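Undergrad: Got a structure for you, questions after.
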Amino acid sequence: METFGQFFADISLGFATAISPGNIMWCFLGVSTGTFTGVLPGIGPITAISLLLPLTFHLDPTSALIMLAGIWYGSTFGGCITAILLNIPGTPANAVTCIDGHAMANQGRASQALFIAVMSSFLGGCFGIIIMMAFTGSISQIALSFSSVEYFSLIVLGLVAATAISHEAALKGLASVVVGVMVGTVGTDVYSGDMRFTFGYIELAEGVSLVALAMGLFGISEIIASLQYRANRTVDRSSVRLGAMKLSLSEIRPLTFPILRASSIGSLLGALPGTGPAIASFMAYAVETRVTKDRSRFGRGAPEGVAAAESANNAADMTAFIPTLSLGIPGSPTMALMLGALIINGIAPGPMLMSNEPELFWGLVVSFWLGSLILLGLSIPLIGIWVRLLMVPYRILVPAIIMFICIGTYSVHNTSFDVWLIAVLGLAGYLLRQFGFPAAPLLLGFVLGPMLEDHFRRAMLLSRGDFMTFVESPVSLVTLLITLALLVWGIWSGRRECGQLRAAKEDSLG
Amino acid sequence: MRNIVGGAAMTIGGIVYAWVAASNHDLGTLRQMGTAMFPVGLGVLLAVLGVAILLPDIIRRGDALPHFSFRAGAVVIASVAVFALTVDRFGLIPSVVASTVVAAYAAPGNRPMTVLLLCVLLSVLAWVVFVLILQMPIPLWQWRP
């Protein structure tokens, strides 16, 4: 850990970077967009980040990341609003908030639930930021001693972890990852200069555009899927009742420990690859139900439930940046997008990031504080507006979203080839999704694929073709063992779940 | 059925991918890997995964084939394609209008008036956001069929 003098210097640098008028505006834009997409069910942070990714080419990397990060943690902030008011989680991370949050709303305590959610989110986020500030440096230091062998194994762990925990069968998630890596091989091979899978298209010489892939997979295929399942979903205004936003001290005090516990759990799970805010909030909620004296209150409007869920997911949002910024290995597909944005802007991610680009790192950290404060101040007054926005019918939103996707992607290379790519990838993404292959691991595979191959080839080159090199390094060995354990657990529990589902289906039919 | 088709697609895809890679590029040795080595490995891996995915469905009955919304898919893809076709030839505004008109029929219930309003609104929005604020070098309209 750093000395105080160094720490103070870093924070000052961060402030100087983050509190520039431009960056304040980008931060504001990011958190507002994030809240907006959080409130709109069906459009998640990954879509919003994909949509605004082209914008980042016109900005410097620090501003770009500040904005994208704002979208990221802003969306879980916004998602709690619909979770509480409408029992629809704005993002998966808010699913648990629905349980007690909506119950509170039904009891006329919606305002209080919202207040608790916002406050817990803010506190959880602060906790996560502190953890981030404290540990990213140390992890970077350790990572400096890593070679290609360790990196290869870590990337494999990241890819497997993201799939083993994902919803559908782990095998399909793995298949998605592999497909993603395959898409990543399109383009010029760094080692030999050969063009792979470009089929004569010059536009593919530098590979498939990340923006086109993200927009196609998450924008277009998402729109098609939403149209299929939720074509005319609108919100009933009368179902929203707010009530008085008054909370006495005696109601706030019992929330202290739940928030602390949940923030710790969230911080830990957020930093691990493969786990994110959604799982963090589930675990924190589960822990609260075990720790409490009266378990029956949960599910019926227990404030601790809301507090735990929201502080955990925001803490996880913040610490999710740790592996990306310290190791250069993103822990989730959304982080992969952020990493992609960094790479496109010419920043090399990895342990050297903190020392090479201190303004970026510390500016980002300070912007997290700033963004959290903006969210705290803004979210409550704007709730009315967000709810009203939910009233816009989907059939009107669709052309607007498509327009943004098309223009945004076109603007990156000023070529319609990329727009055609979106059409193709969007269709492919939709087909994959319908057959149960998740899209997010594909993106992760795409971003990490080139790194994976690079480290693999280098490790094999150095070891002269010996596979044992991956087992000889202790860090690599442990990482691979964890990966294997996750793989086995993922496949086994997927089987069991399928079996249970099948049994349940047969019971209900028979 | 769903997993059989899905798994088979993966297997076939993997094999084709590996085949294309190996035919066009150098395989090399483990010591000095060629351009095709990694892709071939990937292709084989995907093929294996595909088999693993479709096997359980042969033994037991799996889910049925998924439903596709042809309308939604076709309209959305068409909207994007129309944009791609018009933007280089006719500029920003015509392509926004064209893709909006197509996309407006993605979900039922949009009346012609709504579509017209949307076109106007989105054109203005596109101009303000992308040309004014972001200064993107896209011509608003041109004639190059």
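Each chain in the structure tokens gets a letter, A, B, ..., in the order shown, and its residues are numbered from 1; ligands are numbered from 1 in order too.
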Identify, on the basis of only C-alpha atoms, every residue whose closest approach to Ser79 (chain B) does not exceed 7 Å; exclude the query and any residue fewer than 3 positions from it along the same chain; express the result as a VMD selection string.
TA: chain B and resid 75 to 76 82 to 83 99 102 to 103
Undergrad: Take the residues that were just selected and, keeping N, CA and C atoms, output them as a compact mmCIF listing (two decimals), in the first residue's frame.
TA:
# COMPACT_ATOMS: atom_id res chain seq x y z
N VAL B 75 -38.11 -7.19 -40.18
CA VAL B 75 -38.26 -5.73 -40.20
C VAL B 75 -37.02 -5.04 -39.64
N VAL B 76 -36.54 -5.52 -38.52
CA VAL B 76 -35.38 -4.87 -37.91
C VAL B 76 -34.16 -4.97 -38.81
N VAL B 82 -31.50 -1.13 -44.99
CA VAL B 82 -31.89 0.07 -45.73
C VAL B 82 -30.98 1.23 -45.39
N PHE B 83 -30.68 1.35 -44.10
CA PHE B 83 -29.75 2.41 -43.71
C PHE B 83 -28.42 2.24 -44.40
N SER B 99 -34.86 4.22 -42.82
CA SER B 99 -34.81 3.15 -41.83
C SER B 99 -35.93 3.31 -40.81
N VAL B 102 -39.18 1.90 -42.25
CA VAL B 102 -39.20 0.45 -42.19
C VAL B 102 -39.40 -0.03 -40.75
N ALA B 103 -38.64 0.57 -39.83
CA ALA B 103 -38.67 0.11 -38.44
C ALA B 103 -40.00 0.38 -37.78
Undergrad: What are the residues of chain A lining chain B at 7 Å or less? Count only C-alpha atoms, and put the answer as a PyMOL selection string.
TA: chain A and resi 171+175+178+182+189+192+224+227-228+231+395+398-400+403+406+411+416+419-420+423+434-435+453+457+460-461+464-465
Undergrad: Would you give me, as a list of chain:residue names, the residues in region 146-285 of chain A that DSSP reads as strand (DSSP E)?
TA: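 DSSP-assigned strand (DSSP E) residues in region 146-285 of chain A: A:Gly187, A:Thr188, A:Met195, A:Arg196.
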Undergrad: Residues near Val291 (chain A), anyone? I mean within 12 Å using only C-alpha atoms, not counting same-chain ones fewer than 2 positions away, as a list in words.
TA: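 In the requested form, the answer reads Phe257, Pro258, Arg261, Ala262, Ala284, Tyr285, Ala286, Val287, Glu288, Thr289, Lys293, Asp294, Arg295, Phe298, Glu304, Gly305 and Ala308 of chain A.
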Undergrad: Using DSSP assignments from the backbone, pull out every residue in region 15-152 of chain A that falls under alpha helix (DSSP H) and give it to me as a ChimeraX atom specification.
TA: /A:15-18,21-39,45-52,61-86,95-106,110-143,148-152
Undergrad: Which residues are near Ser267 (chain A)? Cut-off 8 Å, only C-alpha atoms, ignore same chain within fewer than 6 positions. Put them as a PyMOL selection string.
TA: chain A and resi 127-128+131+312+315-316+318-319
Undergrad: Gly14 (chain A): which residues within 6 Å, counting only C-alpha atoms, same-chain residues fewer than 2 positions away excluded, as a list in words?
TA: Ile11, Ser12, Ala16, Thr17, Ala18, Trp362, Gly363 and Val366 of chain A
